[in-house]
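In what follows, a structure is listed as structure tokens, so that the remarks can point back to it.
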Number of protein chains: 4
Amino acid sequence: MNSFGRIFKISIYGESHGNQVGVLIDGCPAGLAISKDDFTGDILRRKSGAKGTTPRIEDDKPILVSGVFNGFTTGAPILISFQNKNTKSDDYKDLFNFPRPGHADFTAKMKYGGYNDYRGGGHFSGRLTLGLVAAGVIAKKLISPVSVNARLVEAGGESNVEKAIDNAIKNEDSIGGVIECRAENVSVGLGEPFFDSAESLLSHIVFSIPAIKGIEFGSGFLAAKMFGSEHNDQLIDASGKTLTNFAGGVNGGITNGNPLIYRVVVKPTSSISKAQQTVNLKTGQKEELKVKGRHDVCIALRVPVVLEAVTAIVLADLMLLEQKLPRVISDKSAR
Amino acid sequence: MNSFGRIFKISIYGESHGNQVGVLIDGCPAGLAISKDDFTGDILRRKSGAKGTTPRIEDDKPILVSGVFNGFTTGAPILISFQNKNTKSDDYKDLFNFPRPGHADFTAKMKYGGYNDYRGGGHFSGRLTLGLVAAGVIAKKLISPVSVNARLVEAGGESNVEKAIDNAIKNEDSIGGVIECRAENVSVGLGEPFFDSAESLLSHIVFSIPAIKGIEFGSGFLAAKMFGSEHNDQLIDASGKTLTNFAGGVNGGITNGNPLIYRVVVKPTSSISKAQQTVNLKTGQKEELKVKGRHDVCIALRVPVVLEAVTAIVLADLMLLEQKLPRVISDKSAR
Amino acid sequence: MNSFGRIFKISIYGESHGNQVGVLIDGCPAGLAISKDDFTGDILRRKSGAKGTTPRIEDDKPILVSGVFNGFTTGAPILISFQNKNTKSDDYKDLFNFPRPGHADFTAKMKYGGYNDYRGGGHFSGRLTLGLVAAGVIAKKLISPVSVNARLVEAGGESNVEKAIDNAIKNEDSIGGVIECRAENVSVGLGEPFFDSAESLLSHIVFSIPAIKGIEFGSGFLAAKMFGSEHNDQLIDASGKTLTNFAGGVNGGITNGNPLIYRVVVKPTSSISKAQQTVNLKTGQKEELKVKGRHDVCIALRVPVVLEAVTAIVLADLMLLEQKLPRVISDKSAR
Amino acid sequence: MNSFGRIFKISIYGESHGNQVGVLIDGCPAGLAISKDDFTGDILRRKSGAKGTTPRIEDDKPILVSGVFNGFTTGAPILISFQNKNTKSDDYKDLFNFPRPGHADFTAKMKYGGYNDYRGGGHFSGRLTLGLVAAGVIAKKLISPVSVNARLVEAGGESNVEKAIDNAIKNEDSIGGVIECRAENVSVGLGEPFFDSAESLLSHIVFSIPAIKGIEFGSGFLAAKMFGSEHNDQLIDASGKTLTNFAGGVNGGITNGNPLIYRVVVKPTSSISKAQQTVNLKTGQKEELKVKGRHDVCIALRVPVVLEAVTAIVLADLMLLEQKLPRVISDKSAR
């Protein structure tokens, strides 16, 4: 199912080399002031252009197609679209029978019987995250003063990201990284005991972002090496504030009012310029493949803003469910 | 929402010290042979009694309340219940105002306005995983010959689990662990490109299991230190088999036919015998707390079978969606 | 999918001649006072025993299995079960190959490959509505002071119900009826413009009740004969009150604050004592069938309380979504 | 929630006088041949222009934005949009404080706090059904050889539709009608025993169409006047064929292989040229209102093709669930 959320619900659509990509948002409260300028900052952060990112640059102007009227959300579904302009589909013509290692080329072809749009990864492209970022802009405005911040804390095994990227470029290779995401001012009580725990919902949407291989909350994998007496966060007041935060802000699936903290790992970009081995799906023979096209050396550079977006989307949904956000932002009915 | 799944859908209910716990399964194909004996093995693996587990022992006999007739599933909802017998609720009476560190006591009280059943963790208890294991028994039968196996690969930072437990017992403390889960014979094509990626669904249900702090697929957090040229799994034939399996069996959210592999980290049990600090929620004062009751030293020992269960549940659901499993297991209509 | 609702969500289970029937309620606010006595009145109204209803009488005592603690809902899933005691399964043994006309015997057998529990209609039995009534009792308490009342306004084509039943008994036949359901004090704004319109949700759950063949809101089928100038309800004040109520309390899918009114038609009970023709599914030959067992002459007599229940369930769900009902009924956190 | 369906899932968006309207389809099988020409017939049937319909005429050319590649569906989400061109928003400027009787003006304003786009009914407009028709075109192709046909059988209380329309035009008034919809070649086994009965799903989506006030299956409201011995459809062979079809093709919520038949009533168009009374929401005073803009005398004329669409959508969804439709229409993987 290509949608997510229970009340604040998003669906994404589009292909890397098709006409457009975008997002449909259902259940957004009415009365939220929204303008194109609200999107500029986050879209710029997701954009390529910096060292370590692909030279394919799109202008990425959001079109507010529906659900916004006179500068405010109306309560009706919001469609936000982005035109694709700078596409070079010729780069991908050969790939139908030569799946790129580490990519979805093989699985997409098998699942969809060869009917998938394979150009630039088609619907599997990281370009689809543009819709997530756009929905995130709205979600962030909704949940304010809850704030969400993510940053790349490690790349290619180094805390010096720039050095790691230079090294990867020199090797015609790619690298991954680790990103930490942190939400502050989260209210107590978001999430459910089991299937819709805060961690369940966050990990669900986080693993919809291409290239993520793992997620850990609070202490994460370090917890395996700790004693309970170390790991248990000691309460220091009746509001639930704790001395440490190994829980990452969640107990029993429910936010506890401390900062919500998680880390994800982003694998090295699958597309690399180096020659690689693949199999010709038509003949079954091994063949050498040089991936053409324009690629990111370290896609992890562009993921923090996407993580912020999906985190804000989950929080907006849970806050609406727990009635910490109203269905109409303010009341203009007397005007 | 306390249910999970799209076609094969489960809901769990009950409290640790209430009347019973159980699971309601909707959408199970008709015609699957099922008997009480099918549950014995997995329920035993989840059970306590071994060194490092709680001395509370329940007989855990499944009652097949509905949806099974003449030894076969009927296609109607299946309710499986387990009586609670060996409860000692007195142990928990004081805890209403003295939240145990690391537990859901505080968040549950805040979320439900103090109405939650707090005895033994109530609905937040690990005892609720019994329903997951029961549903998993059915799911495993459904998806066969797909097999799912999980094992504890590390506890308390050691690969020698027994030694780590002895050490924790000696310290009146608890320890966590790392579990690896592996599914073999998974068909190509399960999962969706974005929100319902195989990793999204698996992590969603995995994080509904109490005490899980992280999950990683394939290379996992190690990917942050690898080059793309190392990480990309090389195809070796047209069936999709790869030389390495850093992807963990999933590309672009979709299973690729190689073994599905993930690891989770289980935090050290929150309940420990050692004295701890907490806050009296009524007065706001700090107080010392000694957690009474019967506890697991290393709850991670009992989690592998739960992970197998939830993995089988996700695979059953995806296989039904992709029509790799029929809606009626065989045809007795001519009898 | 055997569940309904977005926030206040119900799932029913059980079979007519199995161990029990019941309902699982997820998402009920915490803090609602609930006791077994709350169920007595509505369960009695659903019960058989009066003239025109089946002589199978069950004591129908609700068992509050989970989700209720110290007399209040806890916020955890509520399981309510009812034991089946007065079953006579022998009456149904022959029916596996001889589908009763007007019943689900044929469709159930085909859909589930012959694995369905056919005794007394199995999971298709009207007995399953007991779970709906039980969930309705809780929903009615939640939505108060919104009130829901349904009554049989016509049976067998007569407004004199008693006379029509006498006539049907004399003929060894069965009759149907028309029921009107009316909700008062409904707040403005429940329902969505399209797929989750108030009428969509109500009709969805109403058609889950066995034997319903039609539903109409407000003017209903009469609207086909009216002019717009007659049909348009004239507003008489700024609160939305209208002079007439041909809309039935809903405009554009959304409640308008006037009474919500709909009518349903219940078909004559399919089980009749008269001999009927059927087909032997094994041989394909026509055969005469005399339906044994105990039947209602006019099942419509027992449906009003079920309609009230499902209406209250939909309203509770929509009121939670629109934040007209809180997630915790009152605040005991300071106790 | 502005979406519908479990596997074949649709979401609609847009406003009458906004930029565009459209539909997002998720879960459509890959490999279905689709071209713009496929839409021409049904869009024309929905279009205005004939006597009794509004003079607002849009060219209604579908734009296949995503999910279609090289003339086939890809398995990715399909976005189909329609530009709005012939809008006259000035006609509606006064209506913000003067709700039109019988319209959603009042409920929309209350629900969305006055932020709704009120021009031409905004998101509540019948123009949104264009997305339903577009999705229906795809659904009809999918379910073939199942066929769905709907026709207006009565308007303004007359079976002579033309005469009734002439009469309404003469009176500056509007009329309603009754439409019968019939699906042939429906397989046995679609639908669930309770909440997702075939009637539940059909009525759910049918009541999302503006102006529908009632629905009845098979015998419908006539059933209230029949005996069981008349109403029970007699089986005539082991395939489930029945002599009569009072059930309307559904027993116990599940299709029985006979034609699926239902009728709906469409109320007279709310917008009429005649002067009407309303209330000024700002002052609370009654005022006379003359509805400007361009209207349909008998909107029921345009509804049959919408009913066909939603019926095909439900059938496609159920057929996918029951595996009567594959997830990939044919196999081009060897090409």
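Ligands are numbered from 1 in the order shown, chains are lettered A, B, ... in the order of the structure tokens, and residues start at 1 in each chain.
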Taking only C-alpha atoms into account, what are the residues of chain B at most 8 Å from chain D, put as a list in words?
->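 Going by the stated atoms only, the list reads Arg6, Leu321, Glu322, Gln323, Pro326 and Arg327 of chain B.
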Where does DSSP see strand (DSSP E or B) in range 175-269 of chain C, if you list the residues as a list in words?
->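 Strand (DSSP E or B) members of range 175-269 of chain C, listed: Ile175, Gly177, Val178, Ile179, Glu180, Cys181, Arg182, Ala183, Glu184, Ile212, Lys213, Gly214, Ile215, Glu216, Phe217, Phe227, Leu235, Thr242, Val250, Asn251, Ile254, Thr255, Leu260, Ile261, Tyr262, Arg263, Val264, Val265 and Val266 of chain C.
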Saved selection, atoms kept: N, CA and C atoms, as a PDB file, in the first residue's frame:
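And here is the file that came out, result-v5.pdb:
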```
ATOM      1  N   ILE C 175     -42.058 -13.316   7.651  1.00  0.00           N
ATOM      2  CA  ILE C 175     -42.265 -11.991   7.075  1.00  0.00           C
ATOM      3  C   ILE C 175     -41.088 -11.065   7.389  1.00  0.00           C
ATOM      4  N   GLY C 177     -39.803  -6.636   7.394  1.00  0.00           N
ATOM      5  CA  GLY C 177     -40.304  -5.406   7.979  1.00  0.00           C
ATOM      6  C   GLY C 177     -39.427  -4.209   7.661  1.00  0.00           C
ATOM      7  N   VAL C 178     -39.895  -3.042   8.091  1.00  0.00           N
ATOM      8  CA  VAL C 178     -39.154  -1.798   7.911  1.00  0.00           C
ATOM      9  C   VAL C 178     -38.899  -1.201   9.292  1.00  0.00           C
ATOM     10  N   ILE C 179     -37.657  -0.783   9.517  1.00  0.00           N
ATOM     11  CA  ILE C 179     -37.275  -0.210  10.804  1.00  0.00           C
ATOM     12  C   ILE C 179     -36.765   1.200  10.586  1.00  0.00           C
ATOM     13  N   GLU C 180     -37.191   2.096  11.456  1.00  0.00           N
ATOM     14  CA  GLU C 180     -36.682   3.456  11.381  1.00  0.00           C
ATOM     15  C   GLU C 180     -35.742   3.703  12.549  1.00  0.00           C
ATOM     16  N   CYS C 181     -34.599   4.323  12.243  1.00  0.00           N
ATOM     17  CA  CYS C 181     -33.621   4.614  13.286  1.00  0.00           C
ATOM     18  C   CYS C 181     -33.360   6.117  13.294  1.00  0.00           C
ATOM     19  N   ARG C 182     -33.242   6.671  14.474  1.00  0.00           N
ATOM     20  CA  ARG C 182     -33.190   8.116  14.636  1.00  0.00           C
ATOM     21  C   ARG C 182     -32.190   8.456  15.738  1.00  0.00           C
ATOM     22  N   ALA C 183     -31.236   9.319  15.405  1.00  0.00           N
ATOM     23  CA  ALA C 183     -30.279   9.782  16.413  1.00  0.00           C
ATOM     24  C   ALA C 183     -30.504  11.270  16.654  1.00  0.00           C
ATOM     25  N   GLU C 184     -30.596  11.643  17.929  1.00  0.00           N
ATOM     26  CA  GLU C 184     -30.835  13.042  18.291  1.00  0.00           C
ATOM     27  C   GLU C 184     -29.586  13.613  18.975  1.00  0.00           C
ATOM     28  N   ILE C 212     -30.625  -7.486   5.934  1.00  0.00           N
ATOM     29  CA  ILE C 212     -30.949  -6.125   5.474  1.00  0.00           C
ATOM     30  C   ILE C 212     -30.842  -6.078   3.945  1.00  0.00           C
ATOM     31  N   LYS C 213     -31.870  -5.543   3.290  1.00  0.00           N
ATOM     32  CA  LYS C 213     -31.855  -5.460   1.817  1.00  0.00           C
ATOM     33  C   LYS C 213     -31.812  -4.031   1.293  1.00  0.00           C
ATOM     34  N   GLY C 214     -32.014  -3.022   2.167  1.00  0.00           N
ATOM     35  CA  GLY C 214     -31.986  -1.648   1.677  1.00  0.00           C
ATOM     36  C   GLY C 214     -31.917  -0.660   2.819  1.00  0.00           C
ATOM     37  N   ILE C 215     -31.437   0.536   2.481  1.00  0.00           N
ATOM     38  CA  ILE C 215     -31.367   1.615   3.470  1.00  0.00           C
ATOM     39  C   ILE C 215     -31.665   2.920   2.756  1.00  0.00           C
ATOM     40  N   GLU C 216     -32.353   3.812   3.441  1.00  0.00           N
ATOM     41  CA  GLU C 216     -32.614   5.135   2.864  1.00  0.00           C
ATOM     42  C   GLU C 216     -32.531   6.180   3.969  1.00  0.00           C
ATOM     43  N   PHE C 217     -31.961   7.334   3.620  1.00  0.00           N
ATOM     44  CA  PHE C 217     -31.785   8.423   4.572  1.00  0.00           C
ATOM     45  C   PHE C 217     -32.806   9.520   4.289  1.00  0.00           C
ATOM     46  N   PHE C 227     -39.801  17.575  -6.274  1.00  0.00           N
ATOM     47  CA  PHE C 227     -39.068  18.672  -6.905  1.00  0.00           C
ATOM     48  C   PHE C 227     -37.992  19.166  -5.927  1.00  0.00           C
ATOM     49  N   LEU C 235     -33.215  26.358   5.946  1.00  0.00           N
ATOM     50  CA  LEU C 235     -32.590  26.714   7.227  1.00  0.00           C
ATOM     51  C   LEU C 235     -33.454  27.716   7.966  1.00  0.00           C
ATOM     52  N   THR C 242     -33.303  23.060  10.464  1.00  0.00           N
ATOM     53  CA  THR C 242     -34.083  23.196   9.235  1.00  0.00           C
ATOM     54  C   THR C 242     -35.560  22.928   9.503  1.00  0.00           C
ATOM     55  N   VAL C 250     -28.052  14.920   7.159  1.00  0.00           N
ATOM     56  CA  VAL C 250     -26.723  14.863   6.536  1.00  0.00           C
ATOM     57  C   VAL C 250     -26.716  15.673   5.239  1.00  0.00           C
ATOM     58  N   ASN C 251     -25.778  16.599   5.109  1.00  0.00           N
ATOM     59  CA  ASN C 251     -25.571  17.299   3.836  1.00  0.00           C
ATOM     60  C   ASN C 251     -24.133  17.136   3.398  1.00  0.00           C
ATOM     61  N   ILE C 254     -21.921  15.064   5.629  1.00  0.00           N
ATOM     62  CA  ILE C 254     -21.563  15.570   6.959  1.00  0.00           C
ATOM     63  C   ILE C 254     -22.825  15.889   7.750  1.00  0.00           C
ATOM     64  N   THR C 255     -22.868  15.484   8.998  1.00  0.00           N
ATOM     65  CA  THR C 255     -24.056  15.732   9.818  1.00  0.00           C
ATOM     66  C   THR C 255     -24.274  17.237   9.977  1.00  0.00           C
ATOM     67  N   LEU C 260     -30.581  12.660  12.832  1.00  0.00           N
ATOM     68  CA  LEU C 260     -30.104  11.736  11.798  1.00  0.00           C
ATOM     69  C   LEU C 260     -31.157  10.636  11.677  1.00  0.00           C
ATOM     70  N   ILE C 261     -31.722  10.491  10.485  1.00  0.00           N
ATOM     71  CA  ILE C 261     -32.839   9.553  10.324  1.00  0.00           C
ATOM     72  C   ILE C 261     -32.602   8.639   9.132  1.00  0.00           C
ATOM     73  N   TYR C 262     -32.736   7.351   9.369  1.00  0.00           N
ATOM     74  CA  TYR C 262     -32.703   6.423   8.230  1.00  0.00           C
ATOM     75  C   TYR C 262     -33.653   5.265   8.481  1.00  0.00           C
ATOM     76  N   ARG C 263     -34.010   4.609   7.417  1.00  0.00           N
ATOM     77  CA  ARG C 263     -34.878   3.429   7.470  1.00  0.00           C
ATOM     78  C   ARG C 263     -34.195   2.276   6.743  1.00  0.00           C
ATOM     79  N   VAL C 264     -34.407   1.070   7.269  1.00  0.00           N
ATOM     80  CA  VAL C 264     -33.896  -0.111   6.571  1.00  0.00           C
ATOM     81  C   VAL C 264     -35.023  -1.100   6.370  1.00  0.00           C
ATOM     82  N   VAL C 265     -34.838  -1.937   5.370  1.00  0.00           N
ATOM     83  CA  VAL C 265     -35.797  -3.031   5.159  1.00  0.00           C
ATOM     84  C   VAL C 265     -35.109  -4.348   5.532  1.00  0.00           C
ATOM     85  N   VAL C 266     -35.841  -5.168   6.274  1.00  0.00           N
ATOM     86  CA  VAL C 266     -35.364  -6.492   6.665  1.00  0.00           C
ATOM     87  C   VAL C 266     -36.176  -7.519   5.884  1.00  0.00           C
TER      88      VAL C 266
END
```
Step one, run DSSP on the backbone; step two, keep only residues of range 74-272 of chain D assigned to alpha helix (DSSP H); then write them as a ChimeraX atom specification.
-> /D:105-111,129-143,161-170,198-206,228-231
For each of C:Arg151, C:Thr53, C:Leu307, C:Thr107, take the minimum atom-to-atom distance to Asn258 in chain D, counting only C-alpha atoms, then give the residue where this is smallest.
->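 Once distances to Asn258 in chain D are computed over only C-alpha atoms, the minimum belongs to C:Thr107.
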Could you give me, as a PyMOL selection string, the residues within 10 Å of Met319 in chain A, counting only C-alpha atoms and dropping anything in the same chain fewer than 5 positions from it?
-> chain A and resi 7-8+142-143+186-187+189-191+313-314+324-326
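Using only C-alpha atoms, the contacts of Gln234 in chain A at a cut-off of 12 Å, with sequence neighbours closer than 6 positions omitted, comprise Gly228, Gly240, Lys241, Thr242, Leu243, Thr244, Asn245, Phe246, Ala247 and Asn258 of chain A; Phe98, Pro99, Arg100, Pro101, Gly102, His103, Phe106, Ser270, Ala275, Gln276, Gln277, Thr278, Val279, Lys286, Glu287, Glu288 and Leu289 of chain B.
CA of Phe124 in chain A to CA of Lys111 in chain A spans 12.5 Å [interatomic distance, one decimal].
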Using only C-alpha atoms, which residues sit within 9 Å of His17 in chain C once same-chain residues fewer than 6 positions away are excluded, as a ChimeraX atom specification?
-> /C:84-89,117-123
Selection: 12 Å around Glu158 in chain A, only C-alpha atoms, excl. self and same-chain fewer than 2 positions, as a ChimeraX atom specification | /A:152-156,160-168,175-178 /B:224-226
Writer output for current selection, N, CA and C atoms, as a compact mmCIF listing (two decimals), in the first residue's frame:
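Output file out_29.txt is given in full below:
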```txt
# COMPACT_ATOMS: atom_id res chain seq x y z
N LEU A 152 23.76 14.33 9.92
CA LEU A 152 24.67 13.25 9.58
C LEU A 152 25.79 13.25 10.61
N VAL A 153 25.91 12.17 11.37
CA VAL A 153 26.93 12.16 12.43
C VAL A 153 28.16 11.35 12.04
N GLU A 154 28.06 10.65 10.94
CA GLU A 154 29.18 9.80 10.52
C GLU A 154 28.99 9.45 9.05
N ALA A 155 30.09 9.43 8.27
CA ALA A 155 30.00 9.00 6.86
C ALA A 155 31.23 8.16 6.53
N GLY A 156 31.03 7.09 5.84
CA GLY A 156 32.15 6.23 5.45
C GLY A 156 32.98 5.79 6.63
N ASN A 160 34.55 12.78 10.28
CA ASN A 160 34.86 13.88 9.34
C ASN A 160 34.26 13.56 7.99
N VAL A 161 33.04 14.04 7.77
CA VAL A 161 32.28 13.69 6.57
C VAL A 161 32.99 14.13 5.30
N GLU A 162 33.52 15.34 5.30
CA GLU A 162 34.14 15.89 4.10
C GLU A 162 35.31 15.03 3.63
N LYS A 163 36.13 14.64 4.58
CA LYS A 163 37.29 13.81 4.26
C LYS A 163 36.85 12.48 3.65
N ALA A 164 35.80 11.90 4.23
CA ALA A 164 35.30 10.62 3.74
C ALA A 164 34.78 10.74 2.31
N ILE A 165 34.14 11.85 2.02
CA ILE A 165 33.61 12.05 0.66
C ILE A 165 34.74 12.21 -0.33
N ASP A 166 35.74 13.02 0.00
CA ASP A 166 36.89 13.19 -0.88
C ASP A 166 37.53 11.83 -1.20
N ASN A 167 37.63 11.03 -0.18
CA ASN A 167 38.21 9.70 -0.35
C ASN A 167 37.38 8.84 -1.30
N ALA A 168 36.05 8.91 -1.14
CA ALA A 168 35.17 8.12 -2.00
C ALA A 168 35.23 8.59 -3.45
N ILE A 175 29.86 6.02 -0.45
CA ILE A 175 29.90 5.69 0.98
C ILE A 175 28.52 5.90 1.63
N GLY A 176 28.36 5.26 2.80
CA GLY A 176 27.13 5.42 3.57
C GLY A 176 27.34 6.33 4.76
N GLY A 177 26.41 6.28 5.70
CA GLY A 177 26.55 7.13 6.88
C GLY A 177 25.52 6.83 7.94
N VAL A 178 25.68 7.51 9.06
CA VAL A 178 24.74 7.38 10.17
C VAL A 178 24.14 8.75 10.46
N ALA B 224 27.50 1.64 7.18
CA ALA B 224 28.02 3.02 7.27
C ALA B 224 29.52 3.08 7.06
N LYS B 225 30.17 1.93 7.17
CA LYS B 225 31.62 1.90 7.05
C LYS B 225 32.11 1.27 5.74
N MET B 226 31.17 0.93 4.87
CA MET B 226 31.53 0.21 3.65
C MET B 226 31.50 1.12 2.42
```
Quick one: residues within 10 Å of Gly14 in chain D, only C-alpha atoms counted, chain neighbours fewer than 4 positions away excluded, as number ranges by chain?
-> A: 65-68, 76-79; D: 18-23, 81-84, 122-125, 127-128, 131
Any idea what the distance is between CA of Ile34 in chain B and CA of Gly113 in chain C?
->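 Atom-to-atom, CA of Ile34 in chain B and CA of Gly113 in chain C are spaced 16.2 Å apart.
Here CA of Lys9 in chain D is placed at a distance of 22.1 Å from CA of Asp196 in chain A.
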